[in-house]
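Undergrad: Following this message is one structure expressed as structure tokens.
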Amino acid sequence: MEVTNKYIVIKHHIEDAPNDSHFEVKNEAFGLSINSGSDDVIVKNLYISIDPYLINRMKSYSASHNAISFSTPLTPGQAIDAIAIGKVVASGNVKFVKDDLVMGVFTWGEYSVVKEQSIIKKLESSEFPLTYHLGVLGFSGLTAYGGFFEICKPQKGEKVFVSAASGSVGNIVGQYAKLLGCYVVGCAGSQKKVGLLKEKLGFDDAFNYKEETDLNSTLKRYFPDGIDIYFDNVGGEMLEAAIINMKAFGRVAVCGIISEYTDAEKRASPNMLNIVYKRITIRGFLAADFMNIFADFSAKTSDYVRNGQLQVIEDKSLGVESIPSAFVGLFNGDNVGKKVVVLAGE
Ligand SMILES: NC(=O)c1ccc[n+]([C@@H]2O[C@H](COP(=O)([O-])OP(=O)(O)OC[C@H]3O[C@@H](n4cnc5c(N)ncnc54)[C@H](OP(=O)(O)O)[C@@H]3O)[C@@H](O)[C@H]2O)c1
């Protein structure tokens with residue numbers, strides 16, 4: 001049997017801020033059966049994770065391109081691979097059968113042909129909505145958990161600052177920090193997001209960074225005695241201001257630098273004397289570094305969600321045509337929590 005598969009491509013490399021016109025919907029005839037002898041798996045994509053790191057793969061050059069297989073450059077006109085959840089339509093691989101739910105690296109499209117090594121795991125029946133496995137119980141959650149607990153080594157009572165705090169990773173970091181007993185301040189790009197952080201997610205305080213003219217004094221206002229831990233999602237001026245306000249022996253976990261992804265001229269240049277004299281540790285990391293603690297992360301986080309101690313914030317769009325604007329929206333602050341595109345129900 002054959003269907004029409006709609007999928008998204010970039011028309012050309014994207015060197016600065018993305019917009020809808022950089023993308024194109026393509027249609028192809030797509031066979032739903034497996035050729036004999038092939039071990040391919042054909043997957044109908046149900047939910048697609050929308051993630052900022054893809055912008056760096058869309059550039060003609062990025063320092064990230066040669067780092068790991070996840071960050072290789074994308075070719076204009078070709079299907080875009082991304083983390084997704086889908087249902088097996090047909091399988092030449094004995095490990096998978098029709099109707100299995102699977103999570104892995106599929107495509108920004110309705111159907112994908114997948115090799116076994118691209119499937120991260122089979123999703124057995126879950127007590128939680130499937131989309132949680134893309135966000136709070138998936139890579140966003142693992143990034144938050146590993147970055148906060150392994151890199152920041154937090155102690156109860158410490159003062160924690162989180163940027164892009166209403167986003168997928170940031171909101172979970174802030175909630176973990178509160179569960180541990182830290183004092184937590186987040187920044188986000190609108191008053192509505194600030195309200196969510198304070199009223200629903202239990203942050204001690206929050207501010208709209210777009211309304212602040214001097215980030216250094218803003219952080220001094222929220223942390224008069226200094227910051228122990230800065231979980232950085234944005235880089236740029238916010239990182240510079242945080243470094244000025246760190247306490248001695250403070251830790252900065254550099255999860256991402258989204259403000260620099262779309263502006264080739266922008267580079268944080270923190271005051272290095274602060275780093276020397278305050279003995280600050282700044283460390284980058286990747287979620288993939290924490291696969292060894294996935295079981296621990298998953299068990300603890302599932303408990304928190306089950307017991308209502310951790311709120312799950314998702315932001316869903318519908319249909320393959322909405323993928324470009326869902327992605328573009330990440331760089332305009334349109335999303336609140338984990339951005340997911342729903343292509344089909346289970
Ligand atoms: N190291 C890893 O393995 C790993 C894994 C996942 C994500 N990350 C990184 O973590 C960060 C957050 O990712 P996410 O998936 O959780 O995305 P997200 O926070 O859900 O979405 C991106 C958010 O970033 C904020 N933002 C966009 N442009 C900005 C700018 N110029 N300045 C300040 N804030 C800006 C926006 O919120 P506002 O309204 O607050 O502006 C937007 O909603 C990104 O830097 C991403 O690359 C790293």
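Residue numbers start at 1 in each chain; chains themselves are named A, B, ... in the order of the structure tokens; ligands are numbered from 1 in the order shown.
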List as a tab-separated table (two decimals) with N, CA and C atoms, in the first residue's frame the protein and nucleic acid residues near range 63-79 of chain A, meaning an atom at most 7 Å away when only C-alpha atoms are counted, but skip any in the same chain fewer than 5 places from it.

TA:
chain	number	residue	atom	x	y	z
A	7	TYR	N	6.32	16.01	4.51
A	7	TYR	CA	7.42	16.25	5.43
A	7	TYR	C	8.01	17.65	5.19
A	8	ILE	N	8.78	18.09	6.17
A	8	ILE	CA	9.30	19.47	6.13
A	8	ILE	C	10.80	19.44	5.81
A	9	VAL	N	11.22	20.39	4.97
A	9	VAL	CA	12.66	20.55	4.70
A	9	VAL	C	13.02	22.03	4.87
A	10	ILE	N	14.34	22.30	4.99
A	10	ILE	CA	14.78	23.70	4.88
A	10	ILE	C	15.08	23.94	3.40
A	11	LYS	N	14.76	25.15	2.92
A	11	LYS	CA	15.00	25.45	1.50
A	11	LYS	C	16.48	25.72	1.27
A	12	HIS	N	17.13	26.29	2.29
A	12	HIS	CA	18.56	26.61	2.21
A	12	HIS	C	19.08	26.69	3.65
A	13	HIS	N	20.37	26.82	3.81
A	13	HIS	CA	20.88	26.95	5.17
A	13	HIS	C	20.33	28.22	5.82
A	57	ARG	N	22.12	22.92	13.43
A	57	ARG	CA	22.28	21.93	12.35
A	57	ARG	C	21.84	22.50	11.01
A	58	MET	N	21.01	23.56	11.06
A	58	MET	CA	20.51	24.17	9.82
A	58	MET	C	21.49	25.18	9.22
A	107	THR	N	11.53	11.67	11.70
A	107	THR	CA	11.65	12.86	10.85
A	107	THR	C	10.55	13.87	11.14
A	108	TRP	N	10.77	15.09	10.67
A	108	TRP	CA	9.73	16.12	10.69
A	108	TRP	C	8.76	15.79	9.56

Undergrad: When you look at Ala295 in chain A with a cut-off of 12 Å (counting only C-alpha atoms), what residues show up, excluding the ones that are within fewer than 4 positions of it in the same chain? I need them as an NGL selection string.

TA: :A and (137-138 or 142 or 145-146 or 290-291 or 299-302)

Undergrad: Take the residues just selected and output them with N, CA and C atoms as an mmCIF file, in the first residue's frame.

TA:
data_model
loop_
_atom_site.group_PDB
_atom_site.id
_atom_site.type_symbol
_atom_site.label_atom_id
_atom_site.label_comp_id
_atom_site.auth_asym_id
_atom_site.auth_seq_id
_atom_site.Cartn_x
_atom_site.Cartn_y
_atom_site.Cartn_z
ATOM 1 N N LEU A 137 9.741 13.407 31.040
ATOM 2 C CA LEU A 137 10.324 12.071 31.263
ATOM 3 C C LEU A 137 11.275 11.675 30.130
ATOM 4 N N GLY A 138 11.568 12.635 29.256
ATOM 5 C CA GLY A 138 12.455 12.359 28.124
ATOM 6 C C GLY A 138 13.701 13.232 28.198
ATOM 7 N N LEU A 142 15.818 14.798 31.338
ATOM 8 C CA LEU A 142 17.168 14.266 31.587
ATOM 9 C C LEU A 142 18.197 15.398 31.580
ATOM 10 N N TYR A 145 17.769 17.252 34.844
ATOM 11 C CA TYR A 145 18.199 16.421 35.985
ATOM 12 C C TYR A 145 19.730 16.292 36.019
ATOM 13 N N GLY A 146 20.286 15.885 34.893
ATOM 14 C CA GLY A 146 21.742 15.696 34.830
ATOM 15 C C GLY A 146 22.468 17.021 35.006
ATOM 16 N N PHE A 290 24.309 11.762 30.153
ATOM 17 C CA PHE A 290 23.659 11.256 31.365
ATOM 18 C C PHE A 290 22.841 9.985 31.130
ATOM 19 N N MET A 291 23.097 9.297 30.034
ATOM 20 C CA MET A 291 22.310 8.076 29.776
ATOM 21 C C MET A 291 22.521 7.048 30.892
ATOM 22 N N ALA A 299 12.870 7.152 37.352
ATOM 23 C CA ALA A 299 12.122 6.691 38.533
ATOM 24 C C ALA A 299 11.770 7.868 39.438
ATOM 25 N N LYS A 300 12.759 8.723 39.720
ATOM 26 C CA LYS A 300 12.511 9.849 40.647
ATOM 27 C C LYS A 300 11.510 10.837 40.041
ATOM 28 N N THR A 301 11.699 11.138 38.753
ATOM 29 C CA THR A 301 10.853 12.156 38.131
ATOM 30 C C THR A 301 9.425 11.627 37.969
ATOM 31 N N SER A 302 9.287 10.348 37.633
ATOM 32 C CA SER A 302 7.944 9.757 37.534
ATOM 33 C C SER A 302 7.230 9.869 38.874
#

Undergrad: Could you pull out the residues in range 62-273 of chain A that DSSP calls strand (DSSP E or B) from the backbone, as a PyMOL selection string?

TA: chain A and resi 81-91+101-107+109+111-114+119-122+159-162+167+183-188+205-208+227-232+246-254

Undergrad: List the neighbours of Ala326 in chain A out to 12 Å using only C-alpha atoms; skip same-chain residues closer than 4 positions along the sequence, and give me the result as a tab-separated table (two decimals) with N, CA and C atoms, in the first residue's frame.

TA:
chain	number	residue	atom	x	y	z
A	18	PRO	N	15.38	32.08	12.33
A	18	PRO	CA	14.55	31.37	11.35
A	18	PRO	C	13.19	32.03	11.19
A	19	ASN	N	12.59	31.90	10.01
A	19	ASN	CA	11.18	32.28	9.85
A	19	ASN	C	10.51	31.26	8.93
A	20	ASP	N	9.20	31.33	8.88
A	20	ASP	CA	8.43	30.29	8.17
A	20	ASP	C	8.87	30.13	6.71
A	23	PHE	N	11.27	27.37	5.29
A	23	PHE	CA	10.88	25.96	5.28
A	23	PHE	C	9.90	25.68	4.15
A	48	ILE	N	6.08	14.96	17.64
A	48	ILE	CA	7.44	15.40	17.32
A	48	ILE	C	7.91	16.40	18.37
A	49	SER	N	9.10	16.16	18.87
A	49	SER	CA	9.72	17.09	19.82
A	49	SER	C	10.32	18.25	19.03
A	50	ILE	N	10.04	19.48	19.48
A	50	ILE	CA	10.57	20.66	18.78
A	50	ILE	C	11.67	21.25	19.66
A	51	ASP	N	12.89	21.27	19.13
A	51	ASP	CA	14.06	21.59	19.96
A	51	ASP	C	14.96	22.65	19.33
A	52	PRO	N	15.45	23.60	20.18
A	52	PRO	CA	16.27	24.70	19.65
A	52	PRO	C	17.57	24.25	18.97
A	108	TRP	N	10.77	15.09	10.67
A	108	TRP	CA	9.73	16.12	10.69
A	108	TRP	C	8.76	15.79	9.56
A	315	ASP	N	3.21	22.45	25.48
A	315	ASP	CA	2.68	23.43	24.53
A	315	ASP	C	2.58	22.70	23.19
A	316	LYS	N	1.34	22.43	22.76
A	316	LYS	CA	1.17	21.56	21.59
A	316	LYS	C	0.62	22.32	20.37
A	317	SER	N	1.13	21.98	19.20
A	317	SER	CA	0.56	22.45	17.93
A	317	SER	C	0.13	21.21	17.17
A	318	LEU	N	-0.69	21.43	16.17
A	318	LEU	CA	-1.31	20.31	15.48
A	318	LEU	C	-0.93	20.27	13.99
A	319	GLY	N	-0.46	19.13	13.53
A	319	GLY	CA	-0.29	18.90	12.10
A	319	GLY	C	1.10	19.24	11.58
A	320	VAL	N	1.50	18.51	10.54
A	320	VAL	CA	2.86	18.65	10.03
A	320	VAL	C	3.15	20.07	9.54
A	321	GLU	N	2.12	20.73	9.00
A	321	GLU	CA	2.32	22.10	8.49
A	321	GLU	C	2.68	23.07	9.61
A	322	SER	N	2.35	22.71	10.86
A	322	SER	CA	2.63	23.64	11.97
A	322	SER	C	4.07	23.50	12.50
A	330	LEU	N	10.13	29.02	19.05
A	330	LEU	CA	11.07	28.83	20.16
A	330	LEU	C	11.99	30.04	20.30
A	331	PHE	N	12.30	30.66	19.17
A	331	PHE	CA	13.27	31.78	19.17
A	331	PHE	C	12.58	33.12	19.39
A	332	ASN	N	11.22	33.08	19.42
A	332	ASN	CA	10.47	34.31	19.72
A	332	ASN	C	9.80	34.22	21.08
A	333	GLY	N	10.05	33.14	21.80
A	333	GLY	CA	9.43	32.97	23.12
A	333	GLY	C	7.96	32.64	23.06
A	334	ASP	N	7.49	32.07	21.96
A	334	ASP	CA	6.05	31.76	21.84
A	334	ASP	C	5.65	30.58	22.74
A	335	ASN	N	6.57	29.66	22.97
A	335	ASN	CA	6.19	28.44	23.72
A	335	ASN	C	6.25	28.64	25.22
A	336	VAL	N	5.41	27.89	25.90
A	336	VAL	CA	5.47	27.81	27.37
A	336	VAL	C	5.62	26.32	27.69
A	338	LYS	N	7.31	22.46	27.30
A	338	LYS	CA	7.79	21.60	26.21
A	338	LYS	C	6.96	21.78	24.94
A	339	LYS	N	7.63	22.14	23.85
A	339	LYS	CA	6.92	22.30	22.57
A	339	LYS	C	6.88	20.96	21.84
A	340	VAL	N	5.66	20.55	21.51
A	340	VAL	CA	5.45	19.27	20.81
A	340	VAL	C	4.47	19.51	19.66
A	341	VAL	N	4.73	18.88	18.52
A	341	VAL	CA	3.73	18.91	17.45
A	341	VAL	C	3.04	17.55	17.40
A	342	VAL	N	1.72	17.60	17.44
A	342	VAL	CA	0.91	16.37	17.41
A	342	VAL	C	0.53	16.10	15.95

Undergrad: If you take only C-alpha atoms and all ligand atoms and a cut-off of 8 Å, which residues of chain A touch ligand 1, and what are their nearest atom pairs and distances in Å to one decimal, in chain and number order, as CSV?

TA:
residue,atom,partner,partner_atom_place_in_ligand_line,distance
A:Ile50,CA,ligand 1,15 (O),7.4
A:Asp51,CA,ligand 1,15 (O),5.0
A:Pro52,CA,ligand 1,47 (O),4.9
A:Tyr53,CA,ligand 1,47 (O),4.6
A:Phe139,CA,ligand 1,5 (C),6.7
A:Ser140,CA,ligand 1,6 (C),5.5
A:Thr143,CA,ligand 1,5 (C),5.3
A:Gly147,CA,ligand 1,1 (N),7.9
A:Ser163,CA,ligand 1,40 (O),7.1
A:Ala164,CA,ligand 1,40 (O),4.2
A:Ala165,CA,ligand 1,40 (O),6.4
A:Ser166,CA,ligand 1,40 (O),6.2
A:Gly167,CA,ligand 1,19 (O),3.2
A:Ser168,CA,ligand 1,16 (O),3.6
A:Val169,CA,ligand 1,16 (O),3.7
A:Gly170,CA,ligand 1,16 (O),5.8
A:Asn171,CA,ligand 1,16 (O),8.0
A:Cys187,CA,ligand 1,40 (O),6.4
A:Ala188,CA,ligand 1,40 (O),3.3
A:Gly189,CA,ligand 1,39 (O),3.4
A:Ser190,CA,ligand 1,39 (O),5.9
A:Lys193,CA,ligand 1,39 (O),7.2
A:Asn208,CA,ligand 1,40 (O),7.7
A:Tyr209,CA,ligand 1,40 (O),7.8
A:Asp232,CA,ligand 1,11 (C),7.7
A:Asn233,CA,ligand 1,11 (C),4.2
A:Val234,CA,ligand 1,33 (C),5.1
A:Gly235,CA,ligand 1,32 (N),7.8
A:Gly236,CA,ligand 1,32 (N),7.8
A:Val254,CA,ligand 1,1 (N),7.3
A:Cys255,CA,ligand 1,1 (N),4.2
A:Gly256,CA,ligand 1,45 (O),3.2
A:Ile257,CA,ligand 1,45 (O),4.5
A:Ile258,CA,ligand 1,45 (O),4.1
A:Ser259,CA,ligand 1,31 (N),3.4
A:Glu260,CA,ligand 1,31 (N),6.9
A:Thr262,CA,ligand 1,31 (N),7.7
A:Gly284,CA,ligand 1,1 (N),7.1
A:Phe285,CA,ligand 1,1 (N),5.2
A:Leu286,CA,ligand 1,3 (O),3.4
A:Ala287,CA,ligand 1,3 (O),3.7
A:Ala288,CA,ligand 1,3 (O),6.5
A:Gly329,CA,ligand 1,43 (O),7.3
A:Leu330,CA,ligand 1,22 (C),4.5
A:Phe331,CA,ligand 1,27 (C),4.0
A:Asn332,CA,ligand 1,27 (C),5.5
A:Gly333,CA,ligand 1,36 (C),3.6
A:Asp334,CA,ligand 1,43 (O),5.7
A:Asn335,CA,ligand 1,43 (O),4.8
A:Val336,CA,ligand 1,43 (O),6.1
A:Gly337,CA,ligand 1,20 (O),5.2
A:Lys338,CA,ligand 1,20 (O),5.2
A:Lys339,CA,ligand 1,20 (O),6.3

Undergrad: Restricted to N, CA and C atoms, what would the selected residues look like written as a compact mmCIF listing (two decimals), in the first residue's frame?

TA:
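The resulting file, out10.txt, is shown below:
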# COMPACT_ATOMS: atom_id res chain seq x y z
N ILE A 50 10.04 19.48 19.48
CA ILE A 50 10.57 20.66 18.78
C ILE A 50 11.67 21.25 19.66
N ASP A 51 12.89 21.27 19.13
CA ASP A 51 14.06 21.59 19.96
C ASP A 51 14.96 22.65 19.33
N PRO A 52 15.45 23.60 20.18
CA PRO A 52 16.27 24.70 19.65
C PRO A 52 17.57 24.25 18.97
N TYR A 53 18.18 23.14 19.43
CA TYR A 53 19.51 22.79 18.90
C TYR A 53 19.52 22.58 17.39
N PHE A 139 14.15 13.73 27.03
CA PHE A 139 15.44 14.43 27.00
C PHE A 139 15.42 15.77 27.74
N SER A 140 14.27 16.47 27.73
CA SER A 140 14.26 17.76 28.47
C SER A 140 14.47 17.48 29.95
N THR A 143 18.01 16.35 30.66
CA THR A 143 18.92 17.50 30.58
C THR A 143 18.87 18.29 31.89
N GLY A 147 21.97 18.05 34.31
CA GLY A 147 22.64 19.36 34.38
C GLY A 147 22.59 19.93 35.78
N SER A 163 17.71 30.68 33.65
CA SER A 163 17.22 31.50 32.53
C SER A 163 16.36 30.63 31.62
N ALA A 164 15.58 31.29 30.75
CA ALA A 164 14.55 30.60 29.94
C ALA A 164 13.78 29.65 30.87
N ALA A 165 13.37 30.21 32.01
CA ALA A 165 12.86 29.38 33.10
C ALA A 165 11.47 28.81 32.85
N SER A 166 10.73 29.37 31.91
CA SER A 166 9.41 28.79 31.63
C SER A 166 9.49 27.80 30.48
N GLY A 167 10.68 27.61 29.92
CA GLY A 167 10.85 26.68 28.80
C GLY A 167 10.90 25.24 29.27
N SER A 168 11.11 24.38 28.31
CA SER A 168 11.02 22.94 28.57
C SER A 168 12.02 22.48 29.63
N VAL A 169 13.29 22.83 29.44
CA VAL A 169 14.32 22.42 30.41
C VAL A 169 14.25 23.29 31.66
N GLY A 170 14.14 24.60 31.45
CA GLY A 170 14.23 25.55 32.57
C GLY A 170 13.18 25.34 33.64
N ASN A 171 11.94 25.08 33.22
CA ASN A 171 10.88 24.96 34.24
C ASN A 171 11.13 23.73 35.12
N CYS A 187 14.13 33.72 35.08
CA CYS A 187 13.75 34.83 34.21
C CYS A 187 13.08 34.25 32.97
N ALA A 188 12.17 35.04 32.41
CA ALA A 188 11.44 34.62 31.21
C ALA A 188 11.02 35.88 30.46
N GLY A 189 10.45 35.69 29.26
CA GLY A 189 10.25 36.83 28.36
C GLY A 189 8.88 37.47 28.37
N SER A 190 8.03 37.19 29.36
CA SER A 190 6.74 37.90 29.43
C SER A 190 6.22 37.86 30.86
N LYS A 193 4.51 34.57 31.69
CA LYS A 193 5.44 33.49 32.07
C LYS A 193 5.94 33.70 33.50
N ASN A 208 10.82 39.47 34.21
CA ASN A 208 10.78 39.51 32.74
C ASN A 208 12.04 40.22 32.26
N TYR A 209 12.97 39.47 31.69
CA TYR A 209 14.26 40.07 31.33
C TYR A 209 14.11 41.13 30.23
N ASP A 232 22.32 28.01 32.91
CA ASP A 232 22.26 28.92 31.76
C ASP A 232 21.66 28.24 30.53
N ASN A 233 20.55 28.80 30.07
CA ASN A 233 19.94 28.33 28.82
C ASN A 233 20.11 29.32 27.69
N VAL A 234 20.64 30.53 28.01
CA VAL A 234 20.57 31.60 27.00
C VAL A 234 21.90 32.23 26.60
N GLY A 235 22.94 32.14 27.41
CA GLY A 235 24.23 32.77 27.06
C GLY A 235 24.12 34.29 27.03
N GLY A 236 24.94 34.93 26.18
CA GLY A 236 24.88 36.38 25.94
C GLY A 236 25.04 37.21 27.21
N VAL A 254 26.32 25.34 31.74
CA VAL A 254 25.94 25.92 30.44
C VAL A 254 25.21 24.83 29.65
N CYS A 255 23.88 24.93 29.71
CA CYS A 255 23.02 23.96 29.03
C CYS A 255 22.86 24.36 27.58
N GLY A 256 22.66 25.65 27.34
CA GLY A 256 22.48 26.15 25.98
C GLY A 256 22.66 27.65 25.98
N ILE A 257 22.79 28.21 24.77
CA ILE A 257 23.02 29.66 24.64
C ILE A 257 22.11 30.19 23.54
N ILE A 258 20.79 30.00 23.75
CA ILE A 258 19.84 30.25 22.65
C ILE A 258 19.93 31.68 22.11
N SER A 259 20.29 32.66 22.95
CA SER A 259 20.34 34.04 22.44
C SER A 259 21.46 34.22 21.42
N GLU A 260 22.42 33.29 21.40
CA GLU A 260 23.53 33.40 20.46
C GLU A 260 23.32 32.57 19.20
N THR A 262 20.99 32.61 17.01
CA THR A 262 20.41 33.30 15.85
C THR A 262 21.11 34.63 15.57
N GLY A 284 29.98 23.14 30.42
CA GLY A 284 28.98 22.75 29.45
C GLY A 284 28.69 21.27 29.58
N PHE A 285 27.59 20.82 29.03
CA PHE A 285 27.25 19.40 29.09
C PHE A 285 26.21 19.10 28.02
N LEU A 286 26.04 17.83 27.74
CA LEU A 286 24.99 17.37 26.80
C LEU A 286 24.14 16.32 27.49
N ALA A 287 22.86 16.30 27.17
CA ALA A 287 21.97 15.31 27.79
C ALA A 287 22.50 13.90 27.60
N ALA A 288 23.12 13.66 26.43
CA ALA A 288 23.62 12.33 26.12
C ALA A 288 24.66 11.85 27.14
N GLY A 329 8.86 29.66 16.64
CA GLY A 329 8.33 30.23 17.88
C GLY A 329 9.27 30.05 19.07
N LEU A 330 10.13 29.02 19.05
CA LEU A 330 11.07 28.83 20.16
C LEU A 330 11.99 30.04 20.30
N PHE A 331 12.30 30.66 19.17
CA PHE A 331 13.27 31.78 19.17
C PHE A 331 12.58 33.12 19.39
N ASN A 332 11.22 33.08 19.42
CA ASN A 332 10.47 34.31 19.72
C ASN A 332 9.80 34.22 21.08
N GLY A 333 10.05 33.14 21.80
CA GLY A 333 9.43 32.97 23.12
C GLY A 333 7.96 32.64 23.06
N ASP A 334 7.49 32.07 21.96
CA ASP A 334 6.05 31.76 21.84
C ASP A 334 5.65 30.58 22.74
N ASN A 335 6.57 29.66 22.97
CA ASN A 335 6.19 28.44 23.72
C ASN A 335 6.25 28.64 25.22
N VAL A 336 5.41 27.89 25.90
CA VAL A 336 5.47 27.81 27.37
C VAL A 336 5.62 26.32 27.69
N GLY A 337 6.74 25.94 28.24
CA GLY A 337 6.99 24.52 28.50
C GLY A 337 7.40 23.78 27.24
N LYS A 338 7.31 22.46 27.30
CA LYS A 338 7.79 21.60 26.21
C LYS A 338 6.96 21.78 24.94
N LYS A 339 7.63 22.14 23.85
CA LYS A 339 6.92 22.30 22.57
C LYS A 339 6.88 20.96 21.84

Undergrad: With only C-alpha atoms as the counted atoms, please give the residues lying no more than 12 Å from Met272 in chain A, apart from itself and same-chain residues fewer than 2 positions off, as JSON, numbers by chain.

TA: {"A": [240, 243, 244, 268, 269, 270, 274, 275, 276, 277, 278, 279, 280, 281, 282]}

Undergrad: Which of these, A:Ile14, A:Cys152, A:Leu343, A:Ala144, has the shortest distance to Ile323 in chain A once you count only C-alpha atoms?

TA: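 Once distances to Ile323 in chain A are computed over only C-alpha atoms, the minimum belongs to A:Leu343.
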
Undergrad: Can you pull out every residue within 8 Å of Asp39 in chain A, counting only C-alpha atoms, but drop anything in the same chain fewer than 4 positions away, and send it as a tab-separated table (two decimals) with C-alpha atoms, in the first residue's frame?

TA:
chain	number	residue	atom	x	y	z
A	91	SER	CA	8.67	-4.03	10.42
A	92	GLY	CA	11.37	-6.14	8.81
A	93	ASN	CA	13.13	-6.20	12.17
A	115	LYS	CA	16.93	1.74	11.12
A	116	GLU	CA	17.09	-0.16	14.39

Undergrad: Mind giving me the straight-line distance from CA of Val305 in chain A to CA of Phe149 in chain A in Å, one decimal?

TA: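 Between CA of Val305 in chain A and CA of Phe149 in chain A the gap works out to 17.8 Å.
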
Undergrad: From the set A:Ile80, A:Ile119, A:Ala253, A:Val102, which residue has the shortest atom-to-atom contact distance to Tyr230 in chain A, counting only C-alpha atoms?

TA: A:Ala253

Undergrad: Which one is closest to Leu180 in chain A: A:Ile227, A:Leu310, A:Ile151, A:Ala82? Count only C-alpha atoms.

TA: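 So, comparing all the options, the nearest one is A:Leu310.
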
Undergrad: Rank nothing, just name the residue among A:Val113, A:Leu196, A:Cys182, A:Val94 nearest to Gly37 in chain A, using only C-alpha atoms.

TA: A:Val94

Undergrad: Any idea what's packed within 10 Å of Ser125 in chain A, counting only C-alpha atoms, ignoring anything in its chain fewer than 3 positions away? Could you give it as an mmCIF file with N, CA and C atoms, in the first residue's frame?

TA:
data_model
loop_
_atom_site.group_PDB
_atom_site.id
_atom_site.type_symbol
_atom_site.label_atom_id
_atom_site.label_comp_id
_atom_site.auth_asym_id
_atom_site.auth_seq_id
_atom_site.Cartn_x
_atom_site.Cartn_y
_atom_site.Cartn_z
ATOM 1 N N ASP A 100 3.593 -1.458 17.632
ATOM 2 C CA ASP A 100 4.490 -1.082 18.742
ATOM 3 C C ASP A 100 4.605 0.439 18.788
ATOM 4 N N LEU A 101 4.620 0.987 20.007
ATOM 5 C CA LEU A 101 4.908 2.421 20.163
ATOM 6 C C LEU A 101 6.409 2.555 20.374
ATOM 7 N N LYS A 122 11.443 1.118 22.862
ATOM 8 C CA LYS A 122 10.047 0.750 22.678
ATOM 9 C C LYS A 122 9.315 1.301 23.895
ATOM 10 N N PHE A 128 1.487 7.581 31.971
ATOM 11 C CA PHE A 128 1.489 9.013 31.667
ATOM 12 C C PHE A 128 1.171 9.227 30.185
ATOM 13 N N PRO A 129 0.718 10.433 29.835
ATOM 14 C CA PRO A 129 0.532 10.723 28.413
ATOM 15 C C PRO A 129 1.857 10.505 27.662
ATOM 16 N N LEU A 130 1.763 10.007 26.444
ATOM 17 C CA LEU A 130 2.988 9.682 25.690
ATOM 18 C C LEU A 130 3.905 10.883 25.517
#
